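Colleague: What follows is protein.cif; its format and atoms are mmCIF, C-alpha atoms.
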data_start
loop_
_atom_site.label_atom_id
_atom_site.label_comp_id
_atom_site.auth_asym_id
_atom_site.auth_seq_id
_atom_site.Cartn_x
_atom_site.Cartn_y
_atom_site.Cartn_z
CA MET M 1 2.33 24.31 -26.55
CA LYS M 2 1.54 21.82 -23.81
CA PRO M 3 0.10 23.34 -20.63
CA GLU M 4 2.30 22.84 -17.58
CA TYR M 5 0.95 22.19 -14.11
CA SER M 6 2.76 22.45 -10.80
CA ARG M 7 2.53 19.80 -8.09
CA GLU M 8 0.36 22.19 -6.05
CA GLU M 9 -2.11 22.56 -8.94
CA ILE M 10 -2.20 18.80 -9.37
CA GLU M 11 -2.82 18.29 -5.64
CA ARG M 12 -5.70 20.78 -5.82
CA TYR M 13 -7.17 18.94 -8.79
CA LEU M 14 -6.96 15.58 -7.01
CA LEU M 15 -8.56 17.03 -3.88
CA GLY M 16 -11.51 18.21 -5.97
CA GLU M 17 -10.71 21.90 -5.63
CA GLY M 18 -10.84 24.54 -8.36
CA GLU M 19 -13.43 25.96 -10.72
CA GLY M 20 -15.24 23.93 -13.38
CA ALA M 21 -13.30 25.23 -16.40
CA GLU M 22 -9.95 24.92 -14.63
CA ARG M 23 -10.73 21.35 -13.61
CA GLU M 24 -11.94 20.44 -17.07
CA ALA M 25 -8.74 21.79 -18.62
CA ILE M 26 -6.47 19.74 -16.40
CA GLY M 27 -8.78 16.71 -16.76
CA GLU M 28 -8.50 16.87 -20.53
CA ALA M 29 -4.74 17.47 -20.41
CA LEU M 30 -4.09 14.43 -18.26
CA ILE M 31 -5.91 12.16 -20.71
CA VAL M 32 -4.08 13.57 -23.72
CA ASP M 33 -0.60 14.04 -22.23
CA SER M 34 0.93 10.82 -20.93
CA GLU M 35 3.78 12.64 -19.13
CA LEU M 36 1.34 14.84 -17.21
CA HIS M 37 -0.70 11.74 -16.45
CA ALA M 38 2.38 10.04 -14.98
CA LEU M 39 3.15 13.14 -12.93
CA VAL M 40 -0.40 13.15 -11.49
CA ARG M 41 0.05 9.50 -10.51
CA GLU M 42 3.35 10.31 -8.86
CA VAL M 43 1.91 13.24 -6.92
CA GLU M 44 -0.97 10.99 -5.81
CA ASN M 45 1.43 8.25 -4.65
CA ASP M 46 3.68 10.72 -2.85
CA ARG M 47 0.75 12.25 -0.96
CA ILE M 48 -0.60 8.81 0.01
CA ASP M 49 2.89 7.85 1.22
CA ALA M 50 3.17 11.06 3.25
CA LEU M 51 -0.25 10.36 4.76
CA ALA M 52 0.82 6.78 5.53
CA GLN M 53 3.86 8.10 7.40
CA GLY M 54 1.88 10.64 9.40
CA GLN M 55 3.78 13.52 7.79
CA LEU M 56 0.79 15.65 6.80
CA PRO M 57 -0.75 18.37 8.99
CA GLU M 58 -4.14 17.37 10.39
CA ALA M 59 -6.31 19.30 7.90
CA GLU M 60 -4.33 18.04 4.93
CA ALA M 61 -4.37 14.49 6.25
CA ARG M 62 -8.15 14.69 6.61
CA ALA M 63 -8.47 15.96 3.03
CA TRP M 64 -6.37 13.10 1.63
CA ARG M 65 -8.24 10.49 3.68
CA GLY M 66 -11.43 11.93 2.22
CA TYR M 67 -9.91 11.75 -1.25
CA LEU M 68 -9.06 8.08 -0.84
CA GLU M 69 -12.58 7.29 0.35
CA GLN M 70 -14.27 9.28 -2.39
CA THR M 71 -12.16 7.68 -5.12
CA GLY M 72 -12.70 4.17 -3.74
CA GLN M 73 -9.02 3.72 -2.93
CA SER M 74 -9.04 3.51 0.86
CA GLU M 75 -7.25 0.17 0.85
CA ARG M 76 -4.23 1.85 -0.77
CA LEU M 77 -3.42 3.48 2.57
CA ALA M 78 -2.71 0.16 4.26
CA VAL M 79 -0.54 -0.88 1.31
CA ALA M 80 1.36 2.43 1.47
CA ARG M 81 1.86 2.04 5.24
CA ALA M 82 3.33 -1.41 4.64
CA LEU M 83 5.56 -0.15 1.82
CA MET M 84 6.76 2.80 3.90
CA ALA M 85 7.45 0.52 6.87
CA LYS M 86 9.43 -1.74 4.57
CA THR M 87 11.51 1.12 3.17
CA ARG M 88 11.81 3.10 6.40
CA PRO M 89 15.44 4.19 6.88
CA ARG M 90 17.31 2.65 9.77
CA ARG M 91 18.86 4.95 12.33
CA ARG M 92 22.21 6.23 11.02
CA GLY M 93 25.33 4.81 12.61
CA LEU M 94 23.69 1.64 13.83
CA TRP M 95 23.78 -0.39 10.65
CA TRP M 96 27.05 -1.95 11.76
CA LEU M 97 25.39 -3.23 14.94
CA GLU M 98 22.91 -5.25 12.95
CA ALA M 99 25.61 -6.52 10.62
CA ALA M 100 27.80 -7.50 13.56
CA ALA M 101 24.92 -9.40 15.16
CA ALA M 102 24.34 -11.29 11.93
CA VAL M 103 28.02 -12.25 11.67
CA LEU M 104 28.15 -13.42 15.28
CA LEU M 105 25.02 -15.48 14.95
CA THR M 106 26.21 -17.03 11.69
CA ALA M 107 29.49 -17.99 13.34
CA GLY M 108 27.59 -19.86 16.02
CA ALA M 109 28.46 -17.39 18.75
CA GLY M 110 24.88 -16.26 19.21
CA TRP M 111 24.89 -17.32 22.85
CA PHE M 112 27.61 -14.78 23.53
CA TRP M 113 25.81 -11.96 21.74
CA LEU M 114 22.38 -12.60 23.21
CA GLY M 115 23.70 -13.44 26.63
CA PRO M 116 23.47 -16.74 28.47
CA LYS M 117 19.81 -16.35 29.46
CA ALA M 118 18.41 -15.96 25.94
CA LYS M 119 17.15 -19.04 24.15
CA MET M 120 15.13 -19.45 21.00
CA GLN M 121 12.57 -21.83 22.52
CA PRO M 122 10.06 -20.98 25.26
CA VAL M 123 11.85 -21.20 28.60
CA LEU M 124 10.22 -22.10 31.86
CA GLU M 125 11.35 -19.82 34.65
CA ALA M 126 9.80 -19.33 38.04
CA ARG M 127 6.07 -19.18 37.17
CA GLN M 128 6.90 -17.35 33.99
CA VAL M 129 7.37 -18.56 30.43
CA SER M 130 9.16 -16.62 27.80
CA LEU M 131 8.49 -16.68 24.10
CA THR M 132 11.02 -15.28 21.64
CA LEU M 133 9.46 -13.74 18.56
CA PRO M 134 12.09 -13.65 15.82
CA ARG M 135 12.41 -10.78 13.39
CA GLY M 136 10.79 -11.12 10.01
CA THR M 137 8.12 -13.56 11.14
CA THR M 138 4.82 -12.99 9.39
CA ARG M 139 1.60 -14.76 8.71
CA GLY M 140 3.10 -15.86 5.41
CA ASN M 141 5.54 -18.17 7.20
CA ASP M 142 4.34 -21.74 7.30
CA ALA M 143 5.05 -22.65 10.90
CA ALA M 144 3.11 -20.83 13.62
CA LEU M 145 5.03 -20.19 16.84
CA ARG M 146 3.98 -22.37 19.76
CA LEU M 147 3.54 -21.37 23.37
CA GLU M 148 2.77 -23.90 26.07
CA ILE M 149 1.55 -22.44 29.34
CA GLY M 150 1.72 -24.80 32.31
CA SER M 151 -0.86 -24.71 35.06
CA ASP M 152 1.61 -23.06 37.47
CA VAL M 153 2.55 -20.22 35.10
CA ALA M 154 1.31 -16.78 36.06
CA ARG M 155 3.07 -14.56 33.53
CA VAL M 156 4.24 -14.74 29.96
CA GLU M 157 7.15 -12.70 28.71
CA LEU M 158 6.96 -11.85 25.01
CA ARG M 159 10.45 -11.14 23.74
CA PHE M 160 10.39 -9.43 20.35
CA GLU M 161 13.68 -9.44 18.46
CA VAL M 162 13.90 -6.05 16.81
CA ALA M 163 16.25 -3.85 14.82
CA PRO M 164 16.84 -0.20 15.71
CA GLU M 165 13.93 1.97 14.53
CA PRO M 166 13.53 5.76 14.51
CA ALA M 167 10.54 5.36 16.83
CA SER M 168 9.64 7.11 20.06
CA GLY M 169 7.45 4.32 21.37
CA TYR M 170 5.91 0.92 20.72
CA ARG M 171 2.54 -0.75 20.83
CA VAL M 172 1.91 -4.47 21.17
CA ARG M 173 -1.52 -5.88 20.45
CA VAL M 174 -2.77 -9.38 21.09
CA LEU M 175 -5.74 -10.43 19.01
CA SER M 176 -7.78 -13.61 18.85
CA ALA M 177 -8.03 -15.51 15.55
CA SER M 178 -11.31 -13.68 14.92
CA GLU M 179 -9.51 -10.30 15.24
CA LYS M 180 -10.93 -9.44 18.66
CA VAL M 181 -8.42 -7.28 20.53
CA LEU M 182 -7.55 -9.07 23.76
CA LEU M 183 -4.97 -6.67 25.13
CA VAL M 184 -2.81 -3.71 24.20
CA ARG M 185 0.49 -2.65 25.74
CA GLU M 186 2.25 0.61 24.94
CA GLY M 187 5.55 2.01 26.05
CA ARG M 188 8.07 4.76 25.41
CA GLY M 189 11.36 4.39 23.57
CA TRP M 190 12.57 1.71 21.21
CA PRO M 191 15.16 -0.92 22.18
CA GLU M 192 18.12 -1.79 19.99
CA SER M 193 17.69 -5.53 19.80
CA SER M 194 15.05 -6.96 22.11
CA LEU M 195 11.71 -5.65 23.32
CA ARG M 196 10.23 -7.44 26.33
CA VAL M 197 6.60 -7.22 27.30
CA THR M 198 5.12 -9.22 30.16
CA VAL M 199 1.46 -10.18 30.22
CA GLU M 200 -0.69 -12.18 32.62
CA ALA M 201 -1.06 -15.80 31.51
CA ARG M 202 -4.78 -15.69 32.31
CA ASP M 203 -5.22 -13.00 29.62
CA LEU M 204 -4.06 -15.38 26.88
CA PRO M 205 -6.69 -17.93 25.88
CA ASP M 206 -6.07 -21.33 24.32
CA GLY M 207 -5.86 -21.41 20.53
CA LEU M 208 -4.35 -19.35 17.76
CA LEU M 209 -3.44 -15.76 18.70
CA ARG M 210 -2.14 -12.93 16.58
CA LEU M 211 0.52 -10.62 17.96
CA GLU M 212 1.30 -7.29 16.39
CA LEU M 213 4.26 -5.05 17.11
CA LEU M 214 3.97 -1.43 15.97
CA ALA M 215 6.43 1.44 16.13
CA LEU M 216 4.99 4.79 17.25
CA ASP M 217 6.35 8.10 16.09
CA SER M 218 6.33 11.29 18.15
CA ALA M 219 2.86 12.19 16.81
CA GLY M 220 1.50 8.81 17.91
CA ALA M 221 1.17 7.43 14.36
CA ALA M 222 1.72 3.67 14.25
CA ALA M 223 3.68 1.71 11.66
CA PRO M 224 3.72 -2.10 11.63
CA VAL M 225 7.04 -3.75 12.46
CA GLY M 226 6.19 -7.38 13.19
CA PHE M 227 3.26 -9.70 12.89
CA TYR M 228 3.14 -13.17 14.43
CA GLU M 229 0.76 -16.06 14.83
CA VAL M 230 1.16 -18.07 18.02
CA ALA M 231 -0.58 -21.33 18.86
CA VAL M 232 -1.22 -21.25 22.61
CA THR M 233 -1.79 -24.44 24.57
CA LYS M 234 -2.77 -24.12 28.20
CA ALA M 235 -2.51 -27.01 30.60
CA SER M 236 -5.66 -27.37 32.68
CA LYS M 237 -5.26 -27.04 36.46
CA ARG M 238 -5.54 -30.21 38.42
CA MET H 239 -17.84 -2.99 -28.34
CA GLU H 240 -18.62 -4.20 -31.85
CA LYS H 241 -15.68 -5.74 -33.69
CA ALA H 242 -15.86 -3.32 -36.63
CA HIS H 243 -15.85 -0.33 -34.29
CA LEU H 244 -12.88 -1.67 -32.34
CA GLU H 245 -11.01 -2.31 -35.62
CA ALA H 246 -11.57 1.31 -36.69
CA LEU H 247 -10.13 2.59 -33.40
CA ILE H 248 -7.17 0.18 -33.40
CA ARG H 249 -6.28 1.16 -36.99
CA ARG H 250 -6.20 4.83 -36.00
CA LEU H 251 -3.89 4.29 -33.03
CA ALA H 252 -0.98 2.64 -34.91
CA ASP H 253 -0.15 0.76 -38.09
CA ASP H 254 0.90 -2.49 -36.48
CA ARG H 255 -1.59 -4.28 -34.28
CA GLU H 256 0.75 -5.00 -31.38
CA THR H 257 1.69 -1.35 -30.92
CA ALA H 258 -1.94 -0.33 -31.39
CA GLY H 259 -3.04 -2.86 -28.75
CA GLY H 260 -0.55 -1.42 -26.28
CA LEU H 261 -1.64 2.16 -27.00
CA TYR H 262 -5.30 1.18 -26.65
CA GLU H 263 -4.70 -0.36 -23.21
CA GLU H 264 -2.62 2.63 -22.12
CA LEU H 265 -5.35 5.05 -23.19
CA ARG H 266 -7.97 2.93 -21.42
CA GLN H 267 -5.94 3.00 -18.19
CA ARG H 268 -5.61 6.80 -18.44
CA LEU H 269 -9.37 7.11 -18.85
CA ILE H 270 -10.02 4.77 -15.91
CA ARG H 271 -7.78 6.87 -13.66
CA TYR H 272 -9.37 10.08 -14.92
CA PHE H 273 -12.84 8.86 -13.97
CA ARG H 274 -11.52 7.60 -10.61
CA TRP H 275 -9.88 10.96 -9.88
CA GLU H 276 -13.20 12.57 -10.74
CA ARG H 277 -14.82 10.37 -8.06
CA CYS H 278 -16.89 8.18 -10.33
CA ALA H 279 -17.95 4.86 -8.85
CA GLU H 280 -17.49 2.73 -11.96
CA PRO H 281 -14.42 4.15 -13.73
CA GLU H 282 -13.78 1.00 -15.81
CA ASP H 283 -17.31 1.05 -17.27
CA LEU H 284 -17.06 4.75 -18.07
CA ALA H 285 -13.66 4.33 -19.74
CA ASP H 286 -15.05 1.51 -21.89
CA GLU H 287 -18.12 3.58 -22.76
CA THR H 288 -15.85 6.48 -23.80
CA LEU H 289 -13.78 4.25 -26.07
CA ASN H 290 -16.96 2.66 -27.40
CA ARG H 291 -18.42 6.02 -28.43
CA VAL H 292 -15.17 7.15 -30.06
CA ALA H 293 -14.77 3.84 -31.91
CA ARG H 294 -18.36 4.08 -33.20
CA LYS H 295 -17.73 7.60 -34.53
CA LEU H 296 -14.56 6.45 -36.31
CA SER H 297 -16.34 3.44 -37.76
CA ASP H 298 -19.10 5.73 -39.04
CA GLY H 299 -16.46 7.75 -40.88
CA GLU H 300 -16.46 10.84 -38.63
CA PRO H 301 -13.28 12.86 -39.33
CA ILE H 302 -11.30 12.89 -36.07
CA ASP H 303 -7.87 14.56 -36.13
CA HIS H 304 -6.65 13.75 -32.69
CA VAL H 305 -8.08 10.56 -31.16
CA GLU H 306 -6.84 11.14 -27.61
CA ARG H 307 -8.16 14.70 -27.53
CA TYR H 308 -11.49 13.49 -28.89
CA CYS H 309 -11.56 10.81 -26.18
CA ALA H 310 -10.96 13.50 -23.56
CA GLY H 311 -13.93 15.48 -24.87
CA VAL H 312 -16.21 12.44 -24.84
CA ALA H 313 -15.00 11.54 -21.33
CA ARG H 314 -15.83 15.04 -20.10
CA LEU H 315 -19.37 14.81 -21.52
CA LEU H 316 -19.85 11.37 -20.03
CA LEU H 317 -18.68 12.66 -16.68
CA ARG H 318 -21.33 15.38 -16.74
CA GLU H 319 -24.01 12.83 -17.65
CA THR H 320 -23.29 10.22 -15.04
CA ALA H 321 -20.98 11.29 -12.22
CA THR H 322 -23.57 12.42 -9.70
CA ARG H 323 -25.81 9.38 -10.06
CA LEU H 324 -22.91 6.94 -9.79
CA ARG H 325 -21.31 8.72 -6.87
CA ARG H 326 -24.49 8.48 -4.86
CA ARG H 327 -24.69 4.75 -5.45
CA GLU H 328 -21.11 4.29 -4.32
CA LEU H 329 -21.74 6.12 -1.06
CA ALA H 330 -24.80 3.98 -0.39
CA MET H 331 -22.74 0.82 -0.94
CA LYS H 332 -19.91 2.03 1.27
CA LYS H 333 -22.25 2.31 4.23
CA MET H 334 -22.92 -1.42 3.98
CA ILE H 335 -19.27 -2.44 4.37
CA PRO H 336 -17.96 -2.52 7.97
CA PRO H 337 -14.50 -0.91 8.23
CA GLU H 338 -11.61 -3.08 9.33
CA THR H 339 -9.47 -2.05 12.27
CA GLU H 340 -6.39 -0.19 11.06
CA ALA H 341 -3.82 -2.28 12.86
CA ALA H 342 -5.29 -5.58 11.71
CA GLU H 343 -5.41 -4.32 8.14
CA ASP H 344 -1.80 -3.07 8.39
CA ALA H 345 -0.51 -6.36 9.64
CA ARG H 346 -2.21 -8.27 6.87
CA ALA H 347 -1.02 -5.76 4.26
CA MET H 348 2.54 -6.10 5.54
CA ALA H 349 2.42 -9.89 5.25
CA CYS H 350 0.97 -9.64 1.72
CA LEU H 351 3.55 -7.03 0.71
CA GLU H 352 6.40 -9.31 1.79
CA ARG H 353 4.98 -12.10 -0.33
CA CYS H 354 4.42 -9.82 -3.33
CA LEU H 355 7.93 -8.34 -3.12
CA GLU H 356 9.30 -11.88 -3.20
CA LYS H 357 7.44 -12.44 -6.46
CA LEU H 358 9.10 -9.44 -8.15
CA ASP H 359 12.39 -10.01 -9.88
CA ALA H 360 15.38 -8.70 -7.94
CA ASP H 361 15.93 -5.69 -10.19
CA HIS H 362 12.32 -4.50 -9.88
CA ARG H 363 12.35 -5.09 -6.11
CA GLN H 364 15.50 -3.03 -5.75
CA LEU H 365 14.07 -0.26 -7.93
CA ILE H 366 10.77 0.03 -6.08
CA LEU H 367 12.37 0.01 -2.62
CA GLY H 368 14.96 2.55 -3.74
CA TYR H 369 12.43 4.80 -5.45
CA TYR H 370 9.98 5.02 -2.57
CA GLY H 371 12.35 4.56 0.37
CA GLY H 372 14.45 7.03 2.28
CA THR H 373 14.02 10.56 3.47
CA ARG H 374 15.65 12.46 0.62
CA GLN H 375 13.57 11.21 -2.24
CA ILE H 376 14.39 13.86 -4.83
CA GLU H 377 18.15 13.25 -4.58
CA GLN H 378 17.72 9.49 -4.29
CA ARG H 379 15.57 9.35 -7.41
CA LYS H 380 18.16 11.36 -9.32
CA GLU H 381 20.91 8.98 -8.15
CA LEU H 382 18.80 5.96 -9.04
CA ALA H 383 18.16 7.35 -12.53
CA GLU H 384 21.88 8.00 -13.03
CA GLU H 385 22.83 4.53 -11.79
CA ARG H 386 20.48 2.97 -14.29
CA GLY H 387 21.25 5.31 -17.14
CA LEU H 388 17.63 6.46 -17.34
CA GLY H 389 15.96 9.84 -17.53
CA LEU H 390 13.84 10.85 -14.54
CA ASN H 391 10.61 10.46 -16.52
CA ALA H 392 11.55 6.98 -17.71
CA LEU H 393 12.46 5.97 -14.15
CA ARG H 394 9.18 7.40 -12.86
CA ASN H 395 7.17 5.49 -15.46
CA ARG H 396 8.97 2.28 -14.56
CA ALA H 397 8.43 2.83 -10.82
CA LEU H 398 4.73 3.61 -11.40
CA ARG H 399 4.26 0.38 -13.37
CA ILE H 400 5.98 -1.75 -10.75
CA ARG H 401 4.12 -0.08 -7.89
CA GLU H 402 0.78 -0.60 -9.62
CA ARG H 403 1.55 -4.31 -10.05
CA LEU H 404 2.73 -4.55 -6.47
CA GLU H 405 -0.38 -2.85 -5.10
CA GLU H 406 -2.61 -5.08 -7.21
CA CYS H 407 -0.81 -8.15 -5.86
CA VAL H 408 -1.27 -6.94 -2.24
CA ARG H 409 -4.93 -6.12 -2.89
CA GLN H 410 -5.54 -9.60 -4.28
CA GLY H 411 -3.75 -11.11 -1.30
CA LEU H 412 -5.88 -9.09 1.13
CA ASN H 413 -9.06 -10.18 -0.68
CA ARG H 414 -7.94 -13.82 -0.54
CA ASP H 415 -7.24 -13.43 3.19
CA GLU H 416 -10.70 -11.98 3.74
CA SER H 417 -12.34 -14.87 1.87
CA ALA H 418 -10.32 -17.33 3.94
CA ILE H 419 -11.37 -15.61 7.18
CA ARG H 420 -15.02 -15.66 6.09
CA ASP H 421 -14.72 -19.36 5.16
CA THR H 422 -13.27 -20.31 8.54
CA GLU H 423 -15.97 -18.35 10.35
CA LYS H 424 -18.77 -20.20 8.52
#
Write out the structure in this file as structure tokens.
Modeller:
Amino acid sequence: MKPEYSREEIERYLLGEGEGAEREAIGEALIVDSELHALVREVENDRIDALAQGQLPEAEARAWRGYLEQTGQSERLAVARALMAKTRPRRRGLWWLEAAAAVLLTAGAGWFWLGPKAKMQPVLEARQVSLTLPRGTTRGNDAALRLEIGSDVARVELRFEVAPEPASGYRVRVLSASEKVLLVREGRGWPESSLRVTVEARDLPDGLLRLELLALDSAGAAAPVGFYEVAVTKASKR
Amino acid sequence: MEKAHLEALIRRLADDRETAGGLYEELRQRLIRYFRWERCAEPEDLADETLNRVARKLSDGEPIDHVERYCAGVARLLLRETATRLRRRELAMKKMIPPETEAAEDARAMACLERCLEKLDADHRQLILGYYGGTRQIEQRKELAEERGLGLNALRNRALRIRERLEECVRQGLNRDESAIRDTEK
């Protein structure tokens, strides 16, 4: 008869717990029994996903981080975070809002939905430029966004187009092309369609910048929502 | 592995070569994961060494009733022989690699994931997002299995295969990104 193992026993095995003989028995079983092997892989994936979503208590999270390091799989955590962000459920009851926005925009009535002030291109206002960062923009897109900052501009408004998220806060990071963090902004709550963050123009250097938008949960764990590359051109002062 | 040894092992796994090839690769992957779960630094090498030893025994005419069980025994012995030495080497190497900031890594992984999901066919994409998404996974997986007329184990095996391919694609993308960053910094 095939030995049966519970998820808890499998977790203990993966975390390196248990006596020698007990570990050897499960080790042998998972080579011989392909169904048990698949179950171990599933338990491993599920724990990594829970860790990626910040769902594990601190001690357990530490143990699974240690596991990933010791088994040379640390990079799987970033992949799991991305996969979980991709499959994260939208807030119930608001799906229709997104659908309605899509219909309105497709029908060419986007101006009405977004309001008369919103435009897709950078807009020059009184000493402030605004850059709209569309949803779904990633490094994989061919065209980088462009931001021109005139010599009389003091502030830049970054307007992220977002969908409702079950988040209790947000974090925006601006990084140089060489990954140096130039500034970080955090705030509470999550807007339904547009997140606006204003930064000082002098804090944004010329050249290619990377902007990251992350959703924060109540425990402070961050999940990526948007990632943008922006080519900044600053006019020199006369 | 010597050709004659490999032939002896392949012949024992199945009568036709295609099935035997598939079973060989599946067994090799199980051994690789076993050595990884046991924290060995070079799981692929150890899996190959295990199969090598078993194939040599078969080629020498050793009577082996159950190949997979025999492999498990050899793997266990090999683990005792080498695990500590290899683990130490891995830790020494890890210290040489500077960690990447989490947010930067996440953003790159997200971009790679989007690209890799695009490469999957629509059915696989739908399956993987359905299998791992949502907050009520047990019920969702049952529903997904019913929708597709599959048993839960068959669905799980399919999801594991797709996820492994997807993760490999993202990992390759991240490595390419890192090479590109290094090239532009030169």
Colleague: Near chain M, which residues of chain H fall within 8 Å when you count only C-alpha atoms, and what do they look like as JSON, numbers by chain?
Modeller: {"H": [265, 268, 269, 272, 274, 275, 276, 277, 278, 279, 306, 307, 309, 310, 311, 314, 340, 341, 342, 343, 344, 345, 346, 347, 348, 349, 350, 351, 353, 367, 368, 370, 371, 372, 373, 391, 394, 395, 398, 405, 408, 409, 419]}
Colleague: Name the residues within 9 Å of (-13.5, 3.6, -20.1), counting all atoms listed in the file in the file's coordinates, and put them as a PyMOL selection string.
Modeller: chain H and resi 265-270+273+281-290+313
Colleague: Given the choices H:Glu245, H:Leu315, H:Gly259, H:Thr320, which gets closest to Arg294 (chain H) if the distance is worked out from only C-alpha atoms?
Modeller: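 Of the candidates, the smallest distance to Arg294 (chain H) is held by H:Glu245.
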Colleague: Work out how far apart CA of Glu11 (chain M) and CA of Gln375 (chain H) are and give it in Å to one decimal.
Modeller: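 Distance reported for this atom pair: 18.2 Å.
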Colleague: Name the residues that the PyMOL selection byres ((chain M and resi 196) around 12) picks from the file above, as a PDB file with C-alpha atoms, keeping the file's coordinate frame, using the file's chain letters and numbers.
Modeller:
ATOM      1  CA  ALA M 118      18.410 -15.960  25.940  1.00  0.00           C
ATOM      2  CA  SER M 130       9.160 -16.620  27.800  1.00  0.00           C
ATOM      3  CA  LEU M 131       8.490 -16.680  24.100  1.00  0.00           C
ATOM      4  CA  THR M 132      11.020 -15.280  21.640  1.00  0.00           C
ATOM      5  CA  LEU M 133       9.460 -13.740  18.560  1.00  0.00           C
ATOM      6  CA  VAL M 156       4.240 -14.740  29.960  1.00  0.00           C
ATOM      7  CA  GLU M 157       7.150 -12.700  28.710  1.00  0.00           C
ATOM      8  CA  LEU M 158       6.960 -11.850  25.010  1.00  0.00           C
ATOM      9  CA  ARG M 159      10.450 -11.140  23.740  1.00  0.00           C
ATOM     10  CA  PHE M 160      10.390  -9.430  20.350  1.00  0.00           C
ATOM     11  CA  GLU M 161      13.680  -9.440  18.460  1.00  0.00           C
ATOM     12  CA  VAL M 162      13.900  -6.050  16.810  1.00  0.00           C
ATOM     13  CA  TYR M 170       5.910   0.920  20.720  1.00  0.00           C
ATOM     14  CA  ARG M 171       2.540  -0.750  20.830  1.00  0.00           C
ATOM     15  CA  VAL M 172       1.910  -4.470  21.170  1.00  0.00           C
ATOM     16  CA  ARG M 185       0.490  -2.650  25.740  1.00  0.00           C
ATOM     17  CA  GLU M 186       2.250   0.610  24.940  1.00  0.00           C
ATOM     18  CA  GLY M 187       5.550   2.010  26.050  1.00  0.00           C
ATOM     19  CA  TRP M 190      12.570   1.710  21.210  1.00  0.00           C
ATOM     20  CA  PRO M 191      15.160  -0.920  22.180  1.00  0.00           C
ATOM     21  CA  GLU M 192      18.120  -1.790  19.990  1.00  0.00           C
ATOM     22  CA  SER M 193      17.690  -5.530  19.800  1.00  0.00           C
ATOM     23  CA  SER M 194      15.050  -6.960  22.110  1.00  0.00           C
ATOM     24  CA  LEU M 195      11.710  -5.650  23.320  1.00  0.00           C
ATOM     25  CA  VAL M 197       6.600  -7.220  27.300  1.00  0.00           C
ATOM     26  CA  THR M 198       5.120  -9.220  30.160  1.00  0.00           C
ATOM     27  CA  VAL M 199       1.460 -10.180  30.220  1.00  0.00           C
ATOM     28  CA  LEU M 213       4.260  -5.050  17.110  1.00  0.00           C
TER      29      LEU M 213
END
Colleague: Can you work out the spacing between CA of Gly150 (chain M) and CA of Lys234 (chain M) in Å, to one decimal?
Modeller: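 Going from CA of Gly150 (chain M) over to CA of Lys234 (chain M) covers 6.1 Å.
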Colleague: Rounded to one decimal in Å, what is the spacing between CA of Gln53 (chain M) and CA of Ala221 (chain M)?
Modeller: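 So the two atoms, CA of Gln53 (chain M) and CA of Ala221 (chain M), lie 7.5 Å apart.
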